[in-house]
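These notes concern the structure reproduced below.
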Amino acid sequence: MSALIEAASVLLARSSGAEEVYFVGRAPNLRFMGGMVAFPGGKVHGDDARLSRPDAGLSIRMVCAIRELFEETGVLLARREDGPPVEPRAGFDGWRRSLLDESRSFADILAEGGLHLDPIDLRPAGHLITPQFAPMRFDTAFFVAHLPPLQEPSVWPGELTHGFWGTAASALHQWRQGLLLPTPPTVSILQAIEGRPVRELPERLAPLLARLDRGEMPPIWFSPGVLMVPLDCRGLPPTTHTNTLIVGTGPAYLIDPGPVDPVEQEKLFAVLADRRIDAIVLSHHHPDHVGAATVCARRLGVPILAHRLTADLLAGHVVVDRLIGDGEIFDLGQAPHGRGKWAMLAVFTPGHAPGHLAFYIPDYQLLLVGDMISTLSSMIISPEDGDVAAYVRSLELLERYPARLLMPAHGGPTTRTAAILREAITHRALREEQILESLGRQPCSLDELAAEMYRGFPPATVKLGRMQIHAGLIKLERERRAIALGGDRWQRVGG
Ligand SMILES: [Zn+2]
């Protein structure tokens, strides 16, 4: 996994009442938490160190927090040389624009205005680190600040789409209603200050930070009632972690407990300690999805559920107690939105694996796709147990479910639900065209095709690519569009 990126984020509270904070909507196309709601903030820039004064208590993260707040909202936490907070002036927009287009540095802007930064304007509330589900991981320092007199935040569309004021209670209510998609750290912070003045965040967040310091898994809430637990399961590269899910408010289901490693299993047991689980549900038979299934089933005294084809493939390895059919509905108990019960629908989606199931939760338009999609790379369809044609049909089937959020077993969830399914379909079509084009020129071996189509890629990628091409050739052979000649050579038919 990549190194941590240093970042800072600000809970900007309105001076009046001090219970409302300012939220920003992240543009859907952003790679990290796109389409979700968060607090203003961003990563540390090289220039931030220039303005920091560690001896005076002004850290690099504080400079970053103040600069990001200004870039994203136009609110400037700076003081005049004689002490009082800066008053808004005509030049603010020009400064903000030149900072955004990087034509001027924050230091230059402050110097021109005769301004300085004062640590008194920010209250540190601690750090949160992105758990291991994402390739981009941030170590984010959170701060509380009060809106300076006469200033008002405004978002310029770009990386952000909009901004709004709200209390923690109202934001959490909207989240439970399925109307707002805050990022998981935003949810944790809102839960900490719900019903309290924002300035109390440092004290209110401290118990959670202490638990994380002791090595506990952070609570990762993307969608209400669906807890995500990323665990190290070492699948095919670049996959290291599988997102185990705990779904439901009672009954509740443990989906894809993957780890074989006892240390990782202990992490899962710790999360399960005070939770109700009624059954273990397997999306498919691959080892990084079932590694802890038997041990969890014994420990919790609950059955293991999977599709019949998954049960067949796991025979002699994992005992599946009950079969899940296509369209089966799982009762999830009383919904977090408070309007009665909620449920989860099993959707038979073969292709990546013969017995693969995805799950759909209509109340939150949430699609749990298992290994149908990975947000880390394109999905592996192996020639042994995969089927490219079935995979594409299953992707097309999933396109019919209106989704606001798509949660894969590998990588972070995404709000680009329709786009990512379409991209996966297009990607397969493109690869197929490439194979046909190469075979059209002359009969080729698998190795020749892999070398051509994955030229310049590292050997591990070429090896996986070779598997993908093989699966693609099997599909073409079944469709009588290619035939296998002797000696591992393939030839195009017709066209
Ligand atoms: Zn798999």
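All residue names refer to the structure tokens as shown: chains lettered A, B, ... in order, residues numbered from 1 in each chain, ligands numbered from 1 in order.
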**Asked** In stretch 202-260 of chain A, what's helix (DSSP H, G or I) per DSSP? Answer as a PyMOL selection string?
**Response** chain A and resi 202-213
**Prompt:** Which residues sit within 8 Å of ligand 1, counting only C-alpha atoms and all ligand atoms, listed as a list of chain:residue names?
**Reply:** A:His284, A:His285, A:His286, A:Pro287, A:Asp288, A:His289, A:His352, A:Ala353, A:Gly370, A:Asp371, A:Ile380
**Request:** Please provide the set of residues having any atom within 6 Å of A:Ala125, restricted to only C-alpha atoms, with same-chain residues fewer than 5 positions apart removed, written as a PyMOL selection string.
**Result:** chain A and resi 142-143+202
Once you have the residues from the selection above, write them out as an mmCIF file, in the first residue's frame, restricted to N, CA and C atoms.
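Listing of again_28.cif after writing:
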```cif
data_model
loop_
_atom_site.group_PDB
_atom_site.id
_atom_site.type_symbol
_atom_site.label_atom_id
_atom_site.label_comp_id
_atom_site.auth_asym_id
_atom_site.auth_seq_id
_atom_site.Cartn_x
_atom_site.Cartn_y
_atom_site.Cartn_z
ATOM 1 N N PHE A 142 -7.739 17.175 11.819
ATOM 2 C CA PHE A 142 -8.984 17.944 11.849
ATOM 3 C C PHE A 142 -8.855 19.118 12.817
ATOM 4 N N PHE A 143 -9.442 20.238 12.400
ATOM 5 C CA PHE A 143 -9.410 21.442 13.226
ATOM 6 C C PHE A 143 -10.812 22.029 13.316
ATOM 7 N N PRO A 202 -12.670 18.369 19.933
ATOM 8 C CA PRO A 202 -11.467 17.685 20.427
ATOM 9 C C PRO A 202 -11.767 16.723 21.582
#
```
Which residues are near stretch 34-51 of chain A? Cut-off 8 Å, only C-alpha atoms, ignore same chain within fewer than 3 positions. Put them as a PDB file with C-alpha atoms, in the first residue's frame.
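Written file, out_17.pdb:
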```pdb
ATOM      1  CA  ILE A   5      -0.630  11.652   2.246  1.00  0.00           C
ATOM      2  CA  GLU A   6      -0.636  14.442   4.832  1.00  0.00           C
ATOM      3  CA  ALA A   7      -3.830  16.469   4.810  1.00  0.00           C
ATOM      4  CA  ALA A   8      -5.901  18.835   6.929  1.00  0.00           C
ATOM      5  CA  SER A   9      -9.616  19.511   7.252  1.00  0.00           C
ATOM      6  CA  VAL A  10     -11.595  22.257   8.987  1.00  0.00           C
ATOM      7  CA  LEU A  11     -14.923  22.172  10.782  1.00  0.00           C
ATOM      8  CA  TYR A  22     -20.046  24.093   6.839  1.00  0.00           C
ATOM      9  CA  PHE A  23     -20.159  21.091   4.506  1.00  0.00           C
ATOM     10  CA  VAL A  24     -18.842  20.827   0.970  1.00  0.00           C
ATOM     11  CA  GLY A  25     -19.933  18.472  -1.809  1.00  0.00           C
ATOM     12  CA  ARG A  26     -17.058  16.772  -3.627  1.00  0.00           C
ATOM     13  CA  ALA A  27     -17.286  16.538  -7.415  1.00  0.00           C
ATOM     14  CA  PRO A  28     -18.396  13.068  -8.618  1.00  0.00           C
ATOM     15  CA  ASN A  29     -15.291  12.585 -10.777  1.00  0.00           C
ATOM     16  CA  LEU A  30     -12.784  13.018  -7.921  1.00  0.00           C
ATOM     17  CA  ARG A  31     -10.779   9.829  -7.404  1.00  0.00           C
ATOM     18  CA  ILE A  60       2.301  22.867   8.655  1.00  0.00           C
ATOM     19  CA  ARG A  61      -1.120  21.190   8.943  1.00  0.00           C
ATOM     20  CA  VAL A  63      -1.264  26.393   7.412  1.00  0.00           C
ATOM     21  CA  CYS A  64      -2.661  23.726   5.093  1.00  0.00           C
ATOM     22  CA  ALA A  65      -6.061  23.875   6.850  1.00  0.00           C
ATOM     23  CA  GLU A  68      -7.500  24.927   1.896  1.00  0.00           C
ATOM     24  CA  LEU A  69     -10.389  26.649   3.688  1.00  0.00           C
ATOM     25  CA  GLU A  72     -12.485  26.016  -1.117  1.00  0.00           C
ATOM     26  CA  THR A  73     -14.782  28.478   0.654  1.00  0.00           C
ATOM     27  CA  SER A 105       1.681  31.583  -3.289  1.00  0.00           C
ATOM     28  CA  PHE A 106      -0.288  31.910  -0.080  1.00  0.00           C
ATOM     29  CA  ALA A 107       2.754  33.600   1.514  1.00  0.00           C
ATOM     30  CA  LEU A 180     -26.898  12.684   2.108  1.00  0.00           C
ATOM     31  CA  LEU A 181     -23.658  10.773   1.462  1.00  0.00           C
ATOM     32  CA  PRO A 182     -21.023  11.964   3.935  1.00  0.00           C
ATOM     33  CA  THR A 183     -17.580  10.320   3.875  1.00  0.00           C
ATOM     34  CA  THR A 186     -17.346  12.853   8.375  1.00  0.00           C
ATOM     35  CA  THR A 414     -17.950   4.816  -5.605  1.00  0.00           C
ATOM     36  CA  THR A 415     -20.863   7.112  -6.449  1.00  0.00           C
ATOM     37  CA  ARG A 416     -20.088   6.740 -10.195  1.00  0.00           C
TER      38      ARG A 416
END
```
Using only C-alpha atoms, find each residue of stretch 472-495 of chain A with at least one atom at most 9 Å away from an atom of stretch 427-443 of chain A; report its shortest atom-to-atom pair and that distance in Å (one decimal), sort the rows by chain and rising residue number, and return the result as JSON lines.
```
{"residue": "A:Gly472", "atom": "CA", "partner": "A:Glu432", "partner_atom": "CA", "distance": 6.5}
{"residue": "A:Leu473", "atom": "CA", "partner": "A:Ile435", "partner_atom": "CA", "distance": 7.9}
{"residue": "A:Leu476", "atom": "CA", "partner": "A:Glu432", "partner_atom": "CA", "distance": 8.3}
{"residue": "A:Arg481", "atom": "CA", "partner": "A:Leu436", "partner_atom": "CA", "distance": 8.4}
{"residue": "A:Ala482", "atom": "CA", "partner": "A:Leu436", "partner_atom": "CA", "distance": 8.1}
{"residue": "A:Leu485", "atom": "CA", "partner": "A:Pro443", "partner_atom": "CA", "distance": 8.4}
{"residue": "A:Arg489", "atom": "CA", "partner": "A:Pro443", "partner_atom": "CA", "distance": 6.2}
{"residue": "A:Trp490", "atom": "CA", "partner": "A:Pro443", "partner_atom": "CA", "distance": 5.3}
{"residue": "A:Gln491", "atom": "CA", "partner": "A:Pro443", "partner_atom": "CA", "distance": 4.5}
{"residue": "A:Arg492", "atom": "CA", "partner": "A:Leu439", "partner_atom": "CA", "distance": 5.2}
{"residue": "A:Val493", "atom": "CA", "partner": "A:Gly440", "partner_atom": "CA", "distance": 8.4}
{"residue": "A:Gly494", "atom": "CA", "partner": "A:Gly440", "partner_atom": "CA", "distance": 8.9}
{"residue": "A:Gly495", "atom": "CA", "partner": "A:Gly440", "partner_atom": "CA", "distance": 8.0}
```
Just write the chosen residues, N, CA and C atoms, as an mmCIF file, in the first residue's frame.
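The resulting file, part_25.cif, is shown below:
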```cif
data_model
loop_
_atom_site.group_PDB
_atom_site.id
_atom_site.type_symbol
_atom_site.label_atom_id
_atom_site.label_comp_id
_atom_site.auth_asym_id
_atom_site.auth_seq_id
_atom_site.Cartn_x
_atom_site.Cartn_y
_atom_site.Cartn_z
ATOM 1 N N GLY A 472 -10.890 -14.521 -22.711
ATOM 2 C CA GLY A 472 -11.521 -13.887 -23.875
ATOM 3 C C GLY A 472 -11.536 -14.819 -25.078
ATOM 4 N N LEU A 473 -10.450 -15.579 -25.262
ATOM 5 C CA LEU A 473 -10.364 -16.527 -26.389
ATOM 6 C C LEU A 473 -11.384 -17.656 -26.230
ATOM 7 N N LEU A 476 -14.623 -16.338 -27.382
ATOM 8 C CA LEU A 476 -14.667 -16.241 -28.849
ATOM 9 C C LEU A 476 -14.794 -17.621 -29.493
ATOM 10 N N ARG A 481 -16.071 -17.539 -33.158
ATOM 11 C CA ARG A 481 -15.427 -16.391 -33.809
ATOM 12 C C ARG A 481 -13.910 -16.572 -33.812
ATOM 13 N N ALA A 482 -13.428 -17.595 -33.104
ATOM 14 C CA ALA A 482 -12.001 -17.950 -33.134
ATOM 15 C C ALA A 482 -11.906 -19.451 -32.918
ATOM 16 N N LEU A 485 -5.911 -23.639 -32.779
ATOM 17 C CA LEU A 485 -5.139 -24.527 -33.648
ATOM 18 C C LEU A 485 -4.234 -25.342 -32.736
ATOM 19 N N ARG A 489 -1.931 -22.159 -30.639
ATOM 20 C CA ARG A 489 -2.132 -21.018 -31.537
ATOM 21 C C ARG A 489 -3.619 -20.855 -31.818
ATOM 22 N N TRP A 490 -4.006 -19.616 -32.013
ATOM 23 C CA TRP A 490 -5.406 -19.292 -32.201
ATOM 24 C C TRP A 490 -5.578 -18.551 -33.526
ATOM 25 N N GLN A 491 -6.732 -18.797 -34.125
ATOM 26 C CA GLN A 491 -6.983 -18.139 -35.403
ATOM 27 C C GLN A 491 -8.384 -17.554 -35.410
ATOM 28 N N ARG A 492 -8.519 -16.426 -36.072
ATOM 29 C CA ARG A 492 -9.834 -15.782 -36.175
ATOM 30 C C ARG A 492 -10.697 -16.512 -37.208
ATOM 31 N N VAL A 493 -11.994 -16.561 -36.952
ATOM 32 C CA VAL A 493 -12.922 -17.176 -37.904
ATOM 33 C C VAL A 493 -13.791 -16.080 -38.487
ATOM 34 N N GLY A 494 -13.907 -16.044 -39.816
ATOM 35 C CA GLY A 494 -14.740 -15.037 -40.473
ATOM 36 C C GLY A 494 -14.191 -13.643 -40.245
ATOM 37 N N GLY A 495 -15.092 -12.623 -40.390
ATOM 38 C CA GLY A 495 -14.769 -11.195 -40.148
ATOM 39 C C GLY A 495 -13.505 -10.792 -40.839
#
```
**Request:** Just the residues within 10 Å of A:Gly325, please, counting only C-alpha atoms, with nothing from its chain fewer than 6 positions along; format it as a list in words.
**Result:**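 Close residues of A:Gly325: Ala306, His307, Arg308, Ala346, Val347, Phe348, Gly355 and Leu357 of chain A.
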Could you turn the residues from that selection into a file that holds C-alpha atoms, as a compact mmCIF listing (two decimals), in the first residue's frame?
```txt
# COMPACT_ATOMS: atom_id res chain seq x y z
CA ALA A 306 -24.07 -19.17 -0.52
CA HIS A 307 -25.28 -19.94 -4.03
CA ARG A 308 -25.48 -23.63 -4.98
CA ALA A 346 -29.61 -11.38 -3.83
CA VAL A 347 -28.80 -10.97 -7.54
CA PHE A 348 -27.23 -13.95 -9.30
CA GLY A 355 -21.94 -18.89 -8.26
CA LEU A 357 -24.03 -13.15 -6.01
```
**Item:** Residues within 10 Å of A:Thr294, only C-alpha atoms, excluding chain neighbours under 3 positions, as a list in words
**Value:** Pro257, Ile280, Val290, Gly291, Ala297, Arg298, Arg299, Leu300, Val302, Pro303, Ile304, His317, Val318, Val319 and Val320 of chain A
**Message:** Give me, as JSON, numbers by chain, all polymer residues having an atom no more than 8 Å from A:Pro362, counting only C-alpha atoms and skipping those fewer than 2 positions away in the same chain.
**Reply:** {"A": [343, 344, 360, 364, 365, 366]}
**Point-to-point distance from atom CA of A:Cys233 to atom CA of A:Pro262, Å rounded to tenths** =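 Answer for the atom CA of A:Cys233 to atom CA of A:Pro262 separation: 10.9 Å.
Picture a line from atom CA of A:Pro131 to atom CA of A:Gly258; it runs 16.5 Å.
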**Item:** Backbone-only DSSP, strand (DSSP E) members of stretch 195-346 of chain A, as an MDAnalysis selection string
**Value:** chainID A and resid 220:223 226:232 241:247 253:255 279:281 304:306 322:323 329:334 341:346
C-alpha atoms of the current selection, written as a short mmCIF file (atom, residue, chain, number, x, y, z; two decimals), in the first residue's frame:
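Written out: again_9.cif:
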```cif
data_model
loop_
_atom_site.label_atom_id
_atom_site.label_comp_id
_atom_site.auth_asym_id
_atom_site.auth_seq_id
_atom_site.Cartn_x
_atom_site.Cartn_y
_atom_site.Cartn_z
CA ILE A 220 -16.35 2.77 8.40
CA TRP A 221 -19.89 3.87 7.65
CA PHE A 222 -20.56 4.68 4.02
CA SER A 223 -24.21 3.73 4.19
CA VAL A 226 -23.71 -1.33 6.51
CA LEU A 227 -20.38 -1.51 8.32
CA MET A 228 -17.30 -1.99 6.16
CA VAL A 229 -14.33 -3.91 7.60
CA PRO A 230 -11.33 -4.03 5.23
CA LEU A 231 -9.06 -6.96 6.10
CA ASP A 232 -5.78 -8.15 4.63
CA HIS A 241 -7.61 -6.24 1.22
CA THR A 242 -11.13 -7.59 1.04
CA ASN A 243 -13.99 -5.47 2.34
CA THR A 244 -15.94 -7.67 4.71
CA LEU A 245 -19.40 -6.19 5.33
CA ILE A 246 -21.80 -6.38 8.24
CA VAL A 247 -25.25 -5.61 6.87
CA TYR A 253 -25.33 -10.70 7.99
CA LEU A 254 -21.58 -11.04 7.76
CA ILE A 255 -20.66 -10.94 4.07
CA ALA A 279 -25.64 -15.77 9.19
CA ILE A 280 -22.50 -15.65 7.10
CA VAL A 281 -23.11 -14.88 3.45
CA ILE A 304 -22.99 -20.22 6.16
CA LEU A 305 -25.10 -19.22 3.15
CA ALA A 306 -24.07 -19.17 -0.52
CA ARG A 322 -28.09 -23.18 3.29
CA LEU A 323 -28.34 -22.16 -0.38
CA ILE A 329 -34.76 -11.42 -0.05
CA PHE A 330 -32.97 -10.99 3.28
CA ASP A 331 -34.82 -9.25 6.11
CA LEU A 332 -32.51 -6.59 7.59
CA GLY A 333 -34.77 -5.52 10.48
CA GLN A 334 -35.99 -2.00 11.25
CA LYS A 341 -38.30 -2.59 7.65
CA TRP A 342 -35.53 -2.79 5.12
CA ALA A 343 -34.25 -5.69 3.07
CA MET A 344 -31.47 -6.93 0.80
CA LEU A 345 -31.98 -8.70 -2.51
CA ALA A 346 -29.61 -11.38 -3.83
#
```
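Nearest-residue note for A:Thr130: choosing from A:Gly340, A:Gly316, A:Gly412, A:Ile361, the minimum distance belongs to A:Gly412, counting only C-alpha atoms.
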**Prompt:** Which residue out of A:Glu152, A:Glu112, A:Glu384, A:Asp312 has the minimum interatomic distance to A:Arg80 when only C-alpha atoms are used?
**Reply:**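 Checking each of A:Glu152, A:Glu112, A:Glu384, A:Asp312 against A:Arg80, counting only C-alpha atoms, the winner is A:Glu112.
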**Message:** Between atom CA of A:Leu406 and atom CA of A:Ala358, what distance in Å does the model show, to one decimal?
**Reply:** 10.6 Å
**Request:** Have a look at A:Val271, A:Ile381, A:Val462, A:Ala418 and name the one nearest to A:Ile474; count only C-alpha atoms.
**Result:**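 When distances to A:Ile474 are compared using only C-alpha atoms, the smallest one comes from A:Ile381.
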**Asked** With only C-alpha atoms as the basis for distance, which of A:Arg234, A:His470, A:Ser98, A:Gly178 is at the shortest distance from A:Asp385?
**Response** A:His470
**Item:** Residue with smallest distance to A:Phe138 - pool A:Leu367, A:Ile120, A:Ala451, A:Met33, counting only C-alpha atoms
**Value:** A:Met33
**Of the listed residues A:Ala13, A:Leu122, A:Ile373, A:Leu147, that which approaches A:Val75 most closely, counting only C-alpha atoms** =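 For A:Val75, the nearest of the candidates is A:Leu147.
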